[in-house]
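Encoded as structure tokens, the structure appears first; notes follow it.
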Amino acid sequence: MSCEPEGRFHTVDVSSITRGPRRATLRTSDGVSVEARHDPCTGAATDTAIVLAHGFTGSLDRPALRRAAGVFAQSTGVITFSFRGHGNSGGRSTVGDREVLDLAAAVEWARSLGYARVATVGFSMGGSVVLRHAATHTGSTGAHTDAVVSVSAPARWYYRGTAPMRRLHWLVTRPAGRLVGRLGFATRIDSREWDPVPLSPVEAVPLIAPTPLLIVHGDSDPYFPLDHPRMLAAAGPAQLWLEKGMGHAENAAGEELLRRIAQWLSVA
């Protein structure tokens, strides 16, 4: 089956959103190629899609994201993609900065498939990206989101208060760390520092309203303690779920939680 260009999207025929899973290569507004996958709803027909944004060192093919996609696909269409520098996407990871453009391309693709309502769900780095995307892509641009769920996200940049985050900063900021990221985690990391420093997640939250926003965080998260979700929820209109015994991001999000998120999105 051949691939034909359609605007910035290069994909197979997407004339029906009820057909089986299919992959596409999207092109971001700054020219980066992003691998993406569409899984139609396995239940009743729906005009809603959820776009999933994975955590740092993840990809659309990682088991935890595929498990989440399978749960959400029971009630909606699902778009998964790999952030730049991850999986088979091009470019290098900017650890939450220009990844907003990757998410915007995925949301636009969901709408091009015929979905009238598109929500975003992000985990960890992806959780910060969905917040910043919702704050910066407003109105009816085609890249805007209709509801936002941020799971295990940081509230502020440069946090080093836990051992896992100190290791992550070493991975990102040191040449040896970036080599480990490339060889050990299949993640290509940009060596340049942020310039300018992007809008932080907590600064983004007040700009999201009136779009519905849900903040989800585990009370056993080893990366970001509970002051992060509380800070995010206090920054603007948002619901806050603190999950007992939950660890970090998509790896720790169980099916029961994912179904509750899907239910929240259905009425948000």
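Going by the structure tokens order, chains are called A, B, ..., each with residues numbered from 1, while ligands are numbered from 1 in the order shown.
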
Which residues are close to Glu99 (chain A), i.e. within 7 Å by only C-alpha atoms, leaving aside same-chain residues fewer than 5 positions away? Reply as number ranges by chain. A: 83-84, 94, 129

With all heavy atoms retained, write the just-selected residues as a compact mmCIF listing (two decimals), in the first residue's frame.
# COMPACT_ATOMS: atom_id res chain seq x y z
N PHE A 83 7.59 11.06 20.54
CA PHE A 83 8.17 12.39 20.53
C PHE A 83 9.48 12.41 19.74
O PHE A 83 10.15 11.38 19.59
CB PHE A 83 8.46 12.86 21.96
CG PHE A 83 7.26 13.38 22.70
CD1 PHE A 83 6.85 12.77 23.88
CD2 PHE A 83 6.56 14.48 22.23
CE1 PHE A 83 5.76 13.25 24.58
CE2 PHE A 83 5.46 14.97 22.93
CZ PHE A 83 5.06 14.36 24.11
N ARG A 84 9.85 13.57 19.26
CA ARG A 84 11.13 13.74 18.55
C ARG A 84 12.28 13.17 19.39
O ARG A 84 12.30 13.29 20.62
CB ARG A 84 11.37 15.21 18.24
CG ARG A 84 11.50 16.11 19.46
CD ARG A 84 11.61 17.57 19.06
NE ARG A 84 10.41 18.01 18.35
CZ ARG A 84 10.38 19.05 17.52
NH1 ARG A 84 11.47 19.77 17.32
NH2 ARG A 84 9.25 19.38 16.91
N THR A 94 14.11 17.60 23.13
CA THR A 94 14.37 18.83 23.87
C THR A 94 13.73 18.76 25.26
O THR A 94 13.58 19.77 25.93
CB THR A 94 13.85 20.06 23.11
OG1 THR A 94 12.43 19.99 22.95
CG2 THR A 94 14.50 20.16 21.73
N VAL A 129 3.96 18.43 28.61
CA VAL A 129 3.72 18.86 27.23
C VAL A 129 2.24 19.12 26.98
O VAL A 129 1.87 20.11 26.34
CB VAL A 129 4.29 17.83 26.24
CG1 VAL A 129 3.87 18.17 24.81
CG2 VAL A 129 5.80 17.76 26.34

As a VMD selection string, please: all residues of region 74-138 of chain A that backbone DSSP puts in alpha helix (DSSP H). chain A and resid 99 to 112 125 to 136

From a DSSP pass on the backbone, collect the residues of region 27-264 of chain A flagged as strand (DSSP E) and hand them back as a ChimeraX atom specification. /A:27,33-39,48-53,77-81,117-123,147-151,213-218,239-243

Writer output for current selection, N, CA and C atoms, as a short mmCIF file (atom, residue, chain, number, x, y, z; two decimals), in the first residue's frame:
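Output (again-v4.cif):
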data_model
loop_
_atom_site.label_atom_id
_atom_site.label_comp_id
_atom_site.auth_asym_id
_atom_site.auth_seq_id
_atom_site.Cartn_x
_atom_site.Cartn_y
_atom_site.Cartn_z
N ARG A 27 4.52 15.54 9.96
CA ARG A 27 5.56 16.55 9.87
C ARG A 27 5.17 17.72 10.76
N SER A 33 10.04 14.92 11.48
CA SER A 33 9.16 13.80 11.19
C SER A 33 8.84 13.05 12.47
N VAL A 34 7.56 12.75 12.66
CA VAL A 34 7.08 12.11 13.89
C VAL A 34 6.26 10.88 13.51
N GLU A 35 6.66 9.73 14.03
CA GLU A 35 5.89 8.51 13.77
C GLU A 35 4.63 8.52 14.64
N ALA A 36 3.51 8.05 14.06
CA ALA A 36 2.24 8.06 14.79
C ALA A 36 1.43 6.84 14.40
N ARG A 37 0.49 6.51 15.26
CA ARG A 37 -0.39 5.36 15.03
C ARG A 37 -1.81 5.73 15.43
N HIS A 38 -2.77 5.30 14.63
CA HIS A 38 -4.18 5.49 14.93
C HIS A 38 -4.83 4.14 15.21
N ASP A 39 -5.47 4.03 16.37
CA ASP A 39 -6.27 2.86 16.70
C ASP A 39 -7.71 3.29 16.84
N THR A 48 -14.93 10.96 19.11
CA THR A 48 -13.91 11.44 20.03
C THR A 48 -12.63 10.62 19.90
N ALA A 49 -11.51 11.31 19.95
CA ALA A 49 -10.20 10.64 19.98
C ALA A 49 -9.39 11.16 21.16
N ILE A 50 -8.55 10.29 21.71
CA ILE A 50 -7.61 10.66 22.75
C ILE A 50 -6.20 10.55 22.15
N VAL A 51 -5.41 11.60 22.30
CA VAL A 51 -4.01 11.58 21.87
C VAL A 51 -3.15 11.38 23.11
N LEU A 52 -2.34 10.32 23.10
CA LEU A 52 -1.51 9.96 24.25
C LEU A 52 -0.08 10.47 24.04
N ALA A 53 0.45 11.14 25.06
CA ALA A 53 1.81 11.68 25.03
C ALA A 53 2.65 10.95 26.07
N GLY A 77 -11.45 6.63 19.84
CA GLY A 77 -10.28 6.44 19.00
C GLY A 77 -9.05 6.88 19.76
N VAL A 78 -7.89 6.35 19.37
CA VAL A 78 -6.65 6.66 20.08
C VAL A 78 -5.55 6.96 19.07
N ILE A 79 -4.84 8.06 19.32
CA ILE A 79 -3.63 8.40 18.57
C ILE A 79 -2.45 8.28 19.51
N THR A 80 -1.46 7.48 19.13
CA THR A 80 -0.19 7.45 19.85
C THR A 80 0.90 7.91 18.89
N PHE A 81 1.97 8.44 19.45
CA PHE A 81 3.08 8.90 18.62
C PHE A 81 4.35 8.88 19.46
N ARG A 117 -14.03 15.75 18.31
CA ARG A 117 -13.57 16.10 19.66
C ARG A 117 -12.27 15.35 19.94
N VAL A 118 -11.24 16.07 20.36
CA VAL A 118 -9.93 15.47 20.59
C VAL A 118 -9.44 15.90 21.97
N ALA A 119 -9.11 14.93 22.81
CA ALA A 119 -8.56 15.18 24.14
C ALA A 119 -7.11 14.73 24.17
N THR A 120 -6.33 15.29 25.09
CA THR A 120 -4.93 14.91 25.24
C THR A 120 -4.69 14.35 26.63
N VAL A 121 -3.91 13.27 26.69
CA VAL A 121 -3.51 12.65 27.95
C VAL A 121 -2.00 12.47 27.91
N GLY A 122 -1.29 13.06 28.88
CA GLY A 122 0.16 12.98 28.88
C GLY A 122 0.70 12.43 30.18
N PHE A 123 1.84 11.75 30.08
CA PHE A 123 2.48 11.11 31.23
C PHE A 123 3.87 11.69 31.43
N ALA A 147 -10.04 18.71 25.95
CA ALA A 147 -9.90 18.35 27.36
C ALA A 147 -8.48 17.86 27.57
N VAL A 148 -7.98 18.01 28.81
CA VAL A 148 -6.58 17.72 29.09
C VAL A 148 -6.47 16.89 30.37
N VAL A 149 -5.65 15.83 30.30
CA VAL A 149 -5.31 15.06 31.50
C VAL A 149 -3.79 14.98 31.59
N SER A 150 -3.25 15.45 32.70
CA SER A 150 -1.80 15.43 32.93
C SER A 150 -1.50 14.49 34.08
N VAL A 151 -0.72 13.44 33.79
CA VAL A 151 -0.43 12.38 34.77
C VAL A 151 1.05 12.42 35.13
N LEU A 213 -9.57 20.43 32.74
CA LEU A 213 -8.23 19.96 33.08
C LEU A 213 -8.28 19.04 34.29
N LEU A 214 -7.63 17.88 34.17
CA LEU A 214 -7.50 16.91 35.26
C LEU A 214 -6.03 16.66 35.52
N ILE A 215 -5.62 16.79 36.80
CA ILE A 215 -4.26 16.49 37.24
C ILE A 215 -4.30 15.18 38.02
N VAL A 216 -3.48 14.20 37.62
CA VAL A 216 -3.43 12.89 38.27
C VAL A 216 -2.00 12.65 38.74
N HIS A 217 -1.85 12.18 39.97
CA HIS A 217 -0.50 11.95 40.50
C HIS A 217 -0.56 10.87 41.57
N GLY A 218 0.47 10.04 41.60
CA GLY A 218 0.56 9.00 42.61
C GLY A 218 1.24 9.49 43.87
N GLN A 239 -9.29 19.69 38.28
CA GLN A 239 -9.56 18.63 39.23
C GLN A 239 -8.25 17.93 39.56
N LEU A 240 -8.11 17.49 40.79
CA LEU A 240 -6.90 16.82 41.24
C LEU A 240 -7.25 15.45 41.80
N TRP A 241 -6.62 14.41 41.23
CA TRP A 241 -6.75 13.05 41.77
C TRP A 241 -5.38 12.63 42.30
N LEU A 242 -5.30 12.38 43.59
CA LEU A 242 -4.09 11.83 44.20
C LEU A 242 -4.33 10.34 44.42
N GLU A 243 -3.56 9.52 43.71
CA GLU A 243 -3.80 8.09 43.67
C GLU A 243 -2.95 7.35 44.70
#

Using only C-alpha atoms, which residues sit within 12 Å of Glu255 (chain A) once same-chain residues fewer than 6 positions away are excluded, as a list in words?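 These residues fall inside the cut-off: Ala64, Leu65, Arg66, Arg67, Ala68, Ala69, Gly70, Val71, Phe72, Gln74, Ile261 and Ala262 of chain A.
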
Export, as a CSV table (one decimal), in the first residue's frame, the selected residues with all heavy atoms.
chain,number,residue,atom,x,y,z
A,64,ALA,N,3.8,-0.2,28.0
A,64,ALA,CA,2.9,0.6,28.9
A,64,ALA,C,2.0,1.5,28.1
A,64,ALA,O,0.8,1.6,28.4
A,64,ALA,CB,3.8,1.4,29.9
A,65,LEU,N,2.6,2.1,27.0
A,65,LEU,CA,1.7,3.0,26.2
A,65,LEU,C,0.7,2.2,25.4
A,65,LEU,O,-0.4,2.6,25.2
A,65,LEU,CB,2.6,3.9,25.4
A,65,LEU,CG,1.8,5.1,24.9
A,65,LEU,CD1,1.6,6.1,26.0
A,65,LEU,CD2,2.6,5.8,23.7
A,66,ARG,N,1.1,1.0,24.9
A,66,ARG,CA,0.2,0.2,24.1
A,66,ARG,C,-0.9,-0.3,25.1
A,66,ARG,O,-2.1,-0.4,24.6
A,66,ARG,CB,1.0,-1.0,23.5
A,66,ARG,CG,2.0,-0.6,22.5
A,66,ARG,CD,1.5,-0.5,21.1
A,66,ARG,NE,0.2,0.0,20.8
A,66,ARG,CZ,-0.1,1.3,20.5
A,66,ARG,NH1,0.8,2.2,20.4
A,66,ARG,NH2,-1.3,1.7,20.3
A,67,ARG,N,-0.6,-0.6,26.3
A,67,ARG,CA,-1.6,-1.0,27.2
A,67,ARG,C,-2.6,0.1,27.5
A,67,ARG,O,-3.8,-0.1,27.5
A,67,ARG,CB,-1.0,-1.5,28.6
A,67,ARG,CG,-2.0,-1.8,29.7
A,67,ARG,CD,-1.3,-2.4,30.9
A,67,ARG,NE,-0.2,-1.5,31.4
A,67,ARG,CZ,-0.4,-0.5,32.1
A,67,ARG,NH1,-1.6,-0.1,32.5
A,67,ARG,NH2,0.6,0.3,32.5
A,68,ALA,N,-2.1,1.3,27.7
A,68,ALA,CA,-3.0,2.4,27.9
A,68,ALA,C,-3.9,2.7,26.7
A,68,ALA,O,-5.1,2.9,26.8
A,68,ALA,CB,-2.2,3.7,28.2
A,69,ALA,N,-3.2,2.6,25.5
A,69,ALA,CA,-4.0,2.8,24.3
A,69,ALA,C,-5.1,1.8,24.1
A,69,ALA,O,-6.2,2.1,23.7
A,69,ALA,CB,-3.1,2.7,23.1
A,70,GLY,N,-4.8,0.5,24.5
A,70,GLY,CA,-5.9,-0.5,24.4
A,70,GLY,C,-7.0,-0.3,25.3
A,70,GLY,O,-8.2,-0.5,25.0
A,71,VAL,N,-6.8,0.3,26.5
A,71,VAL,CA,-7.9,0.6,27.5
A,71,VAL,C,-8.7,1.7,26.9
A,71,VAL,O,-9.9,1.7,26.8
A,71,VAL,CB,-7.3,0.9,28.9
A,71,VAL,CG1,-8.4,1.4,29.8
A,71,VAL,CG2,-6.7,-0.3,29.5
A,72,PHE,N,-8.1,2.8,26.5
A,72,PHE,CA,-8.8,4.0,25.9
A,72,PHE,C,-9.6,3.6,24.7
A,72,PHE,O,-10.6,4.2,24.4
A,72,PHE,CB,-7.8,5.1,25.7
A,72,PHE,CG,-7.4,5.8,27.0
A,72,PHE,CD1,-6.0,5.9,27.2
A,72,PHE,CD2,-8.2,6.3,27.9
A,72,PHE,CE1,-5.5,6.5,28.4
A,72,PHE,CE2,-7.8,6.9,29.1
A,72,PHE,CZ,-6.5,7.0,29.3
A,74,GLN,N,-11.3,1.2,24.0
A,74,GLN,CA,-12.5,0.6,24.3
A,74,GLN,C,-13.7,1.6,24.2
A,74,GLN,O,-14.8,1.2,24.0
A,74,GLN,CB,-12.5,-0.1,25.6
A,74,GLN,CG,-11.6,-1.3,25.8
A,74,GLN,CD,-11.4,-1.7,27.2
A,74,GLN,OE1,-12.2,-1.4,28.1
A,74,GLN,NE2,-10.3,-2.5,27.4
A,261,ILE,N,-10.1,7.7,34.0
A,261,ILE,CA,-9.7,8.8,33.2
A,261,ILE,C,-10.6,8.9,31.9
A,261,ILE,O,-11.1,10.0,31.5
A,261,ILE,CB,-8.2,8.8,32.8
A,261,ILE,CG1,-7.4,9.0,34.0
A,261,ILE,CG2,-7.9,9.8,31.7
A,261,ILE,CD1,-5.9,8.8,33.8
A,262,ALA,N,-10.8,7.7,31.3
A,262,ALA,CA,-11.7,7.7,30.1
A,262,ALA,C,-13.1,8.2,30.4
A,262,ALA,O,-13.7,8.9,29.6
A,262,ALA,CB,-11.7,6.3,29.5

Among listed residues A:Pro154, A:Pro206, A:Gly254, A:Gly245, nearest Pro225 (chain A) (using only C-alpha atoms):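 Using only C-alpha atoms, the shortest distance to Pro225 (chain A) belongs to A:Pro154.
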
Give me, please, the distance in Å between CA of Thr136 (chain A) and CA of Val172 (chain A), quoted to one decimal.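 CA of Thr136 (chain A) sits 25.1 Å away from CA of Val172 (chain A).
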
Using only C-alpha atoms, can you tell me which of A:Arg259, A:Arg174, A:Arg160, A:His228 comes closest to Ser75 (chain A)?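 Answer, going by the shortest atom-to-atom distance: A:Arg259.
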
Name all residues at most 12 Å from Tyr158 (chain A) (count only C-alpha atoms; drop same-chain ones fewer than 6 positions away) and give them as a list in words.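 Using only C-alpha atoms, the neighbours found are Val95, Gly96, Met165, Arg166, Leu168, His169, Trp170, Val172, Thr173, Glu193, Trp194, Val197, Pro198, Ser200, Pro201 and Phe224 of chain A.
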
Just checking: using only C-alpha atoms, which residue out of A:Leu179, A:Ala110, A:Ala134, A:Met125 ends up closest to His54 (chain A)?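 Comparing A:Leu179, A:Ala110, A:Ala134, A:Met125 against His54 (chain A), the winner is A:Met125.
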
Can you pull out every residue within 12 Å of Arg98 (chain A), counting only C-alpha atoms, but drop anything in the same chain fewer than 4 positions away, and send it as a ChimeraX atom specification? /A:28-32,83-85,91-94,102-105,125-126,128-130,132-133,136,190,194-199

May I ask which of the residues A:Leu258, A:Arg62, A:Thr76, A:Val107 is the closest one to Ala186 (chain A), counting only C-alpha atoms?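 Answer, going by the shortest atom-to-atom distance: A:Arg62.
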
Find the spatial neighbours of Ala135 (chain A), counting only C-alpha atoms, within a cut-off of 8 Å - ignore same-chain residues fewer than 6 positions away - and output them as a ChimeraX atom specification. /A:204-208

So that I have them on file, write out the residues from the current selection with C-alpha atoms, as a compact mmCIF listing (two decimals), in the first residue's frame.
# COMPACT_ATOMS: atom_id res chain seq x y z
CA ALA A 204 0.73 27.15 31.63
CA VAL A 205 -2.17 26.00 33.82
CA PRO A 206 -3.90 29.40 34.22
CA LEU A 207 -3.93 29.79 30.43
CA ILE A 208 -5.82 26.52 29.81

Excluding same-chain residues fewer than 2 positions from Thr42 (chain A), what lies within 7 Å of it counting only C-alpha atoms, as a VMD selection string? chain A and resid 40 44 73 to 74

Requested write-out: C-alpha atoms of the selected residues, as a JSON list (two decimals), in the first residue's frame:
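Contents of the output file again-v3.json:
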[["chain", "number", "residue", "atom", "x", "y", "z"],
["A", 40, "PRO", "CA", -10.01, 3.20, 16.07],
["A", 44, "ALA", "CA", -19.45, 1.77, 19.54],
["A", 73, "ALA", "CA", -9.66, 2.36, 22.58],
["A", 74, "GLN", "CA", -12.55, 0.57, 24.27]]

Point-to-point distance from CA of Lys244 (chain A) to CA of Asp219 (chain A), Å rounded to tenths: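 Separating CA of Lys244 (chain A) from CA of Asp219 (chain A) is a distance of 5.5 Å.
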
Which residue, A:Pro237, A:Gly142, A:Gly247, A:Pro229, has the smallest gap to Gly127 (chain A) when you use only C-alpha atoms?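 Ranked by minimum distance to Gly127 (chain A), first place goes to A:Pro229.
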